[in-house]
Amino acid sequence: MDDLLIKMKALADETRLKILGLLLSKNFCVRALAGRLGISESAVSQQLKILRKADLVLGEKSGYFVHYRVKKENLLKVAEEIENLIKSGGDMNAGNGE
């Protein structure tokens with residue numbers, strides 16, 4: 001449950017959602033994301049740090065740059081957990097054996 005909360009908090013920000021949207025289309029470095037979003041590179045880096053801690057994005061070094069991509073499998077797990085919550089009628093312990 002804690003893992004889901006961390007991921008949900010990371011998703012609860014407009015800029016981070018925009019970053020995820022861009023990264024779902026293709027991999028980007030910080031500079032490219034900053035240019036597309038019209039914000040500073042340091043602001044993008046801070047947002048990516050939160051998304052990395054939530055295990056929703058991964059940075060892969062490519063030469064001088066780090067290119068980021070969405071960990072789609074983890075994003076899908078969040079969607080599945082939300083779907084399970086809806087199906088269980090809001091019982092946070094349903095399906096956890098508790």
# chains A, B, ... in the order shown; residues from 1 in each chain; ligands from 1
>>> select_by_dssp(residues="chain A", states="helix (DSSP H, G or I)", output="ChimeraX atom specification")
/A:2-11,14-25,30-37,41-53,72-87
>>> residues_around(residues="A:Leu56", least_positions_apart="3", cutoff="6 Å", atoms="only C-alpha atoms", output="list in words")
Leu51, Arg52, Val70 and Lys71 of chain A
>>> write_last_selection(atoms="C-alpha atoms", output="PDB file, in the first residue's frame")
ATOM      1  CA  LEU A  51       9.177  10.244 -10.546  1.00  0.00           C
ATOM      2  CA  ARG A  52      12.365   8.154 -10.206  1.00  0.00           C
ATOM      3  CA  VAL A  70       8.448   5.727 -18.450  1.00  0.00           C
ATOM      4  CA  LYS A  71       8.503   2.385 -16.680  1.00  0.00           C
TER       5      LYS A  71
END
>>> residues_around(residues="stretch 21-37 of chain A", least_positions_apart="4", cutoff="9 Å", atoms="only C-alpha atoms", output="PDB file with N, CA and C atoms, in the first residue's frame")
ATOM      1  N   THR A  15       2.756  19.170 -13.632  1.00  0.00           N
ATOM      2  CA  THR A  15       4.012  19.138 -14.376  1.00  0.00           C
ATOM      3  C   THR A  15       4.514  17.713 -14.536  1.00  0.00           C
ATOM      4  N   ARG A  16       4.430  16.920 -13.478  1.00  0.00           N
ATOM      5  CA  ARG A  16       4.885  15.526 -13.574  1.00  0.00           C
ATOM      6  C   ARG A  16       4.015  14.737 -14.537  1.00  0.00           C
ATOM      7  N   LEU A  17       2.717  15.019 -14.562  1.00  0.00           N
ATOM      8  CA  LEU A  17       1.842  14.340 -15.526  1.00  0.00           C
ATOM      9  C   LEU A  17       2.203  14.735 -16.955  1.00  0.00           C
ATOM     10  N   GLU A  41      15.645  23.680 -16.564  1.00  0.00           N
ATOM     11  CA  GLU A  41      16.182  22.322 -16.481  1.00  0.00           C
ATOM     12  C   GLU A  41      16.214  21.834 -15.039  1.00  0.00           C
ATOM     13  N   SER A  42      16.511  22.732 -14.103  1.00  0.00           N
ATOM     14  CA  SER A  42      16.551  22.317 -12.698  1.00  0.00           C
ATOM     15  C   SER A  42      15.155  21.924 -12.212  1.00  0.00           C
ATOM     16  N   ALA A  43      14.122  22.620 -12.689  1.00  0.00           N
ATOM     17  CA  ALA A  43      12.749  22.257 -12.304  1.00  0.00           C
ATOM     18  C   ALA A  43      12.396  20.876 -12.853  1.00  0.00           C
ATOM     19  N   VAL A  44      12.791  20.607 -14.094  1.00  0.00           N
ATOM     20  CA  VAL A  44      12.536  19.283 -14.687  1.00  0.00           C
ATOM     21  C   VAL A  44      13.285  18.218 -13.891  1.00  0.00           C
ATOM     22  N   SER A  45      14.525  18.493 -13.544  1.00  0.00           N
ATOM     23  CA  SER A  45      15.321  17.526 -12.772  1.00  0.00           C
ATOM     24  C   SER A  45      14.670  17.198 -11.437  1.00  0.00           C
ATOM     25  N   LEU A  48      11.701  14.962 -12.146  1.00  0.00           N
ATOM     26  CA  LEU A  48      12.154  13.621 -12.516  1.00  0.00           C
ATOM     27  C   LEU A  48      12.665  12.853 -11.300  1.00  0.00           C
ATOM     28  N   VAL A  57       9.804   6.363 -13.662  1.00  0.00           N
ATOM     29  CA  VAL A  57      10.676   6.649 -14.808  1.00  0.00           C
ATOM     30  C   VAL A  57      12.068   6.099 -14.541  1.00  0.00           C
ATOM     31  N   GLY A  59      16.184   6.631 -15.931  1.00  0.00           N
ATOM     32  CA  GLY A  59      17.155   7.377 -16.722  1.00  0.00           C
ATOM     33  C   GLY A  59      18.235   6.452 -17.219  1.00  0.00           C
ATOM     34  N   PHE A  65      24.369  12.679 -22.328  1.00  0.00           N
ATOM     35  CA  PHE A  65      23.028  12.916 -21.804  1.00  0.00           C
ATOM     36  C   PHE A  65      22.441  11.687 -21.121  1.00  0.00           C
ATOM     37  N   VAL A  66      21.479  11.943 -20.255  1.00  0.00           N
ATOM     38  CA  VAL A  66      20.661  10.876 -19.673  1.00  0.00           C
ATOM     39  C   VAL A  66      19.289  11.012 -20.299  1.00  0.00           C
ATOM     40  N   HIS A  67      18.846   9.956 -20.939  1.00  0.00           N
ATOM     41  CA  HIS A  67      17.522   9.942 -21.545  1.00  0.00           C
ATOM     42  C   HIS A  67      16.572   9.188 -20.614  1.00  0.00           C
ATOM     43  N   TYR A  68      15.403   9.770 -20.422  1.00  0.00           N
ATOM     44  CA  TYR A  68      14.425   9.209 -19.500  1.00  0.00           C
ATOM     45  C   TYR A  68      13.303   8.529 -20.258  1.00  0.00           C
ATOM     46  N   ARG A  69      12.784   7.484 -19.650  1.00  0.00           N
ATOM     47  CA  ARG A  69      11.639   6.778 -20.214  1.00  0.00           C
ATOM     48  C   ARG A  69      10.702   6.376 -19.083  1.00  0.00           C
ATOM     49  N   VAL A  70       9.444   6.166 -19.428  1.00  0.00           N
ATOM     50  CA  VAL A  70       8.448   5.727 -18.450  1.00  0.00           C
ATOM     51  C   VAL A  70       8.596   4.224 -18.243  1.00  0.00           C
ATOM     52  N   LYS A  72       6.611   1.674 -17.992  1.00  0.00           N
ATOM     53  CA  LYS A  72       5.200   1.433 -18.282  1.00  0.00           C
ATOM     54  C   LYS A  72       4.606   0.329 -17.418  1.00  0.00           C
TER      55      LYS A  72
END
>>> decode(residues="stretch 40-83 of chain A", atoms="N, CA and C atoms", output="tab-separated table (two decimals), in the first residue's frame")
chain	number	residue	atom	x	y	z
A	40	SER	N	12.54	25.54	-16.37
A	40	SER	CA	13.99	25.39	-16.26
A	40	SER	C	14.40	23.92	-16.19
A	41	GLU	N	15.65	23.68	-16.56
A	41	GLU	CA	16.18	22.32	-16.48
A	41	GLU	C	16.21	21.83	-15.04
A	42	SER	N	16.51	22.73	-14.10
A	42	SER	CA	16.55	22.32	-12.70
A	42	SER	C	15.16	21.92	-12.21
A	43	ALA	N	14.12	22.62	-12.69
A	43	ALA	CA	12.75	22.26	-12.30
A	43	ALA	C	12.40	20.88	-12.85
A	44	VAL	N	12.79	20.61	-14.09
A	44	VAL	CA	12.54	19.28	-14.69
A	44	VAL	C	13.28	18.22	-13.89
A	45	SER	N	14.53	18.49	-13.54
A	45	SER	CA	15.32	17.53	-12.77
A	45	SER	C	14.67	17.20	-11.44
A	46	GLN	N	14.13	18.21	-10.78
A	46	GLN	CA	13.46	17.99	-9.49
A	46	GLN	C	12.23	17.10	-9.67
A	47	GLN	N	11.47	17.35	-10.73
A	47	GLN	CA	10.27	16.55	-10.99
A	47	GLN	C	10.65	15.11	-11.36
A	48	LEU	N	11.70	14.96	-12.15
A	48	LEU	CA	12.15	13.62	-12.52
A	48	LEU	C	12.67	12.85	-11.30
A	49	LYS	N	13.27	13.55	-10.37
A	49	LYS	CA	13.75	12.90	-9.13
A	49	LYS	C	12.58	12.27	-8.38
A	50	ILE	N	11.47	12.97	-8.31
A	50	ILE	CA	10.28	12.45	-7.64
A	50	ILE	C	9.73	11.25	-8.40
A	51	LEU	N	9.68	11.36	-9.73
A	51	LEU	CA	9.18	10.24	-10.55
A	51	LEU	C	10.11	9.03	-10.46
A	52	ARG	N	11.42	9.27	-10.36
A	52	ARG	CA	12.36	8.15	-10.21
A	52	ARG	C	12.19	7.48	-8.86
A	53	LYS	N	12.04	8.27	-7.80
A	53	LYS	CA	11.84	7.70	-6.46
A	53	LYS	C	10.57	6.87	-6.39
A	54	ALA	N	9.57	7.27	-7.17
A	54	ALA	CA	8.32	6.52	-7.23
A	54	ALA	C	8.42	5.33	-8.18
A	55	ASP	N	9.57	5.16	-8.80
A	55	ASP	CA	9.86	4.07	-9.72
A	55	ASP	C	8.95	4.10	-10.95
A	56	LEU	N	8.64	5.32	-11.41
A	56	LEU	CA	7.80	5.49	-12.59
A	56	LEU	C	8.59	5.85	-13.83
A	57	VAL	N	9.80	6.36	-13.66
A	57	VAL	CA	10.68	6.65	-14.81
A	57	VAL	C	12.07	6.10	-14.54
A	58	LEU	N	12.79	5.91	-15.62
A	58	LEU	CA	14.15	5.39	-15.54
A	58	LEU	C	15.02	6.25	-16.43
A	59	GLY	N	16.18	6.63	-15.93
A	59	GLY	CA	17.16	7.38	-16.72
A	59	GLY	C	18.23	6.45	-17.22
A	60	GLU	N	18.53	6.55	-18.52
A	60	GLU	CA	19.57	5.72	-19.12
A	60	GLU	C	20.59	6.62	-19.79
A	61	LYS	N	21.85	6.49	-19.38
A	61	LYS	CA	22.92	7.32	-19.92
A	61	LYS	C	23.16	6.97	-21.38
A	62	SER	N	23.21	8.01	-22.19
A	62	SER	CA	23.49	7.85	-23.62
A	62	SER	C	24.49	8.93	-24.01
A	63	GLY	N	25.77	8.57	-23.98
A	63	GLY	CA	26.80	9.57	-24.23
A	63	GLY	C	26.85	10.56	-23.08
A	64	TYR	N	26.75	11.84	-23.40
A	64	TYR	CA	26.80	12.89	-22.40
A	64	TYR	C	25.47	13.05	-21.67
A	65	PHE	N	24.37	12.68	-22.33
A	65	PHE	CA	23.03	12.92	-21.80
A	65	PHE	C	22.44	11.69	-21.12
A	66	VAL	N	21.48	11.94	-20.26
A	66	VAL	CA	20.66	10.88	-19.67
A	66	VAL	C	19.29	11.01	-20.30
A	67	HIS	N	18.85	9.96	-20.94
A	67	HIS	CA	17.52	9.94	-21.55
A	67	HIS	C	16.57	9.19	-20.61
A	68	TYR	N	15.40	9.77	-20.42
A	68	TYR	CA	14.42	9.21	-19.50
A	68	TYR	C	13.30	8.53	-20.26
A	69	ARG	N	12.78	7.48	-19.65
A	69	ARG	CA	11.64	6.78	-20.21
A	69	ARG	C	10.70	6.38	-19.08
A	70	VAL	N	9.44	6.17	-19.43
A	70	VAL	CA	8.45	5.73	-18.45
A	70	VAL	C	8.60	4.22	-18.24
A	71	LYS	N	8.54	3.81	-17.00
A	71	LYS	CA	8.50	2.38	-16.68
A	71	LYS	C	7.03	1.97	-16.77
A	72	LYS	N	6.61	1.67	-17.99
A	72	LYS	CA	5.20	1.43	-18.28
A	72	LYS	C	4.61	0.33	-17.42
A	73	GLU	N	5.41	-0.70	-17.13
A	73	GLU	CA	4.90	-1.80	-16.32
A	73	GLU	C	4.49	-1.32	-14.93
A	74	ASN	N	5.23	-0.37	-14.38
A	74	ASN	CA	4.90	0.15	-13.05
A	74	ASN	C	3.70	1.09	-13.10
A	75	LEU	N	3.58	1.84	-14.18
A	75	LEU	CA	2.42	2.71	-14.36
A	75	LEU	C	1.16	1.86	-14.52
A	76	LEU	N	1.27	0.76	-15.23
A	76	LEU	CA	0.14	-0.15	-15.40
A	76	LEU	C	-0.26	-0.79	-14.07
A	77	LYS	N	0.72	-1.08	-13.21
A	77	LYS	CA	0.42	-1.64	-11.89
A	77	LYS	C	-0.41	-0.67	-11.06
A	78	VAL	N	-0.10	0.63	-11.16
A	78	VAL	CA	-0.88	1.64	-10.45
A	78	VAL	C	-2.32	1.60	-10.94
A	79	ALA	N	-2.49	1.54	-12.25
A	79	ALA	CA	-3.84	1.49	-12.83
A	79	ALA	C	-4.58	0.24	-12.36
A	80	GLU	N	-3.89	-0.88	-12.30
A	80	GLU	CA	-4.50	-2.14	-11.85
A	80	GLU	C	-4.92	-2.05	-10.39
A	81	GLU	N	-4.08	-1.44	-9.56
A	81	GLU	CA	-4.41	-1.32	-8.14
A	81	GLU	C	-5.63	-0.41	-7.94
A	82	ILE	N	-5.72	0.64	-8.73
A	82	ILE	CA	-6.88	1.52	-8.65
A	82	ILE	C	-8.13	0.77	-9.12
A	83	GLU	N	-7.99	0.01	-10.19
A	83	GLU	CA	-9.12	-0.79	-10.68
A	83	GLU	C	-9.57	-1.80	-9.62
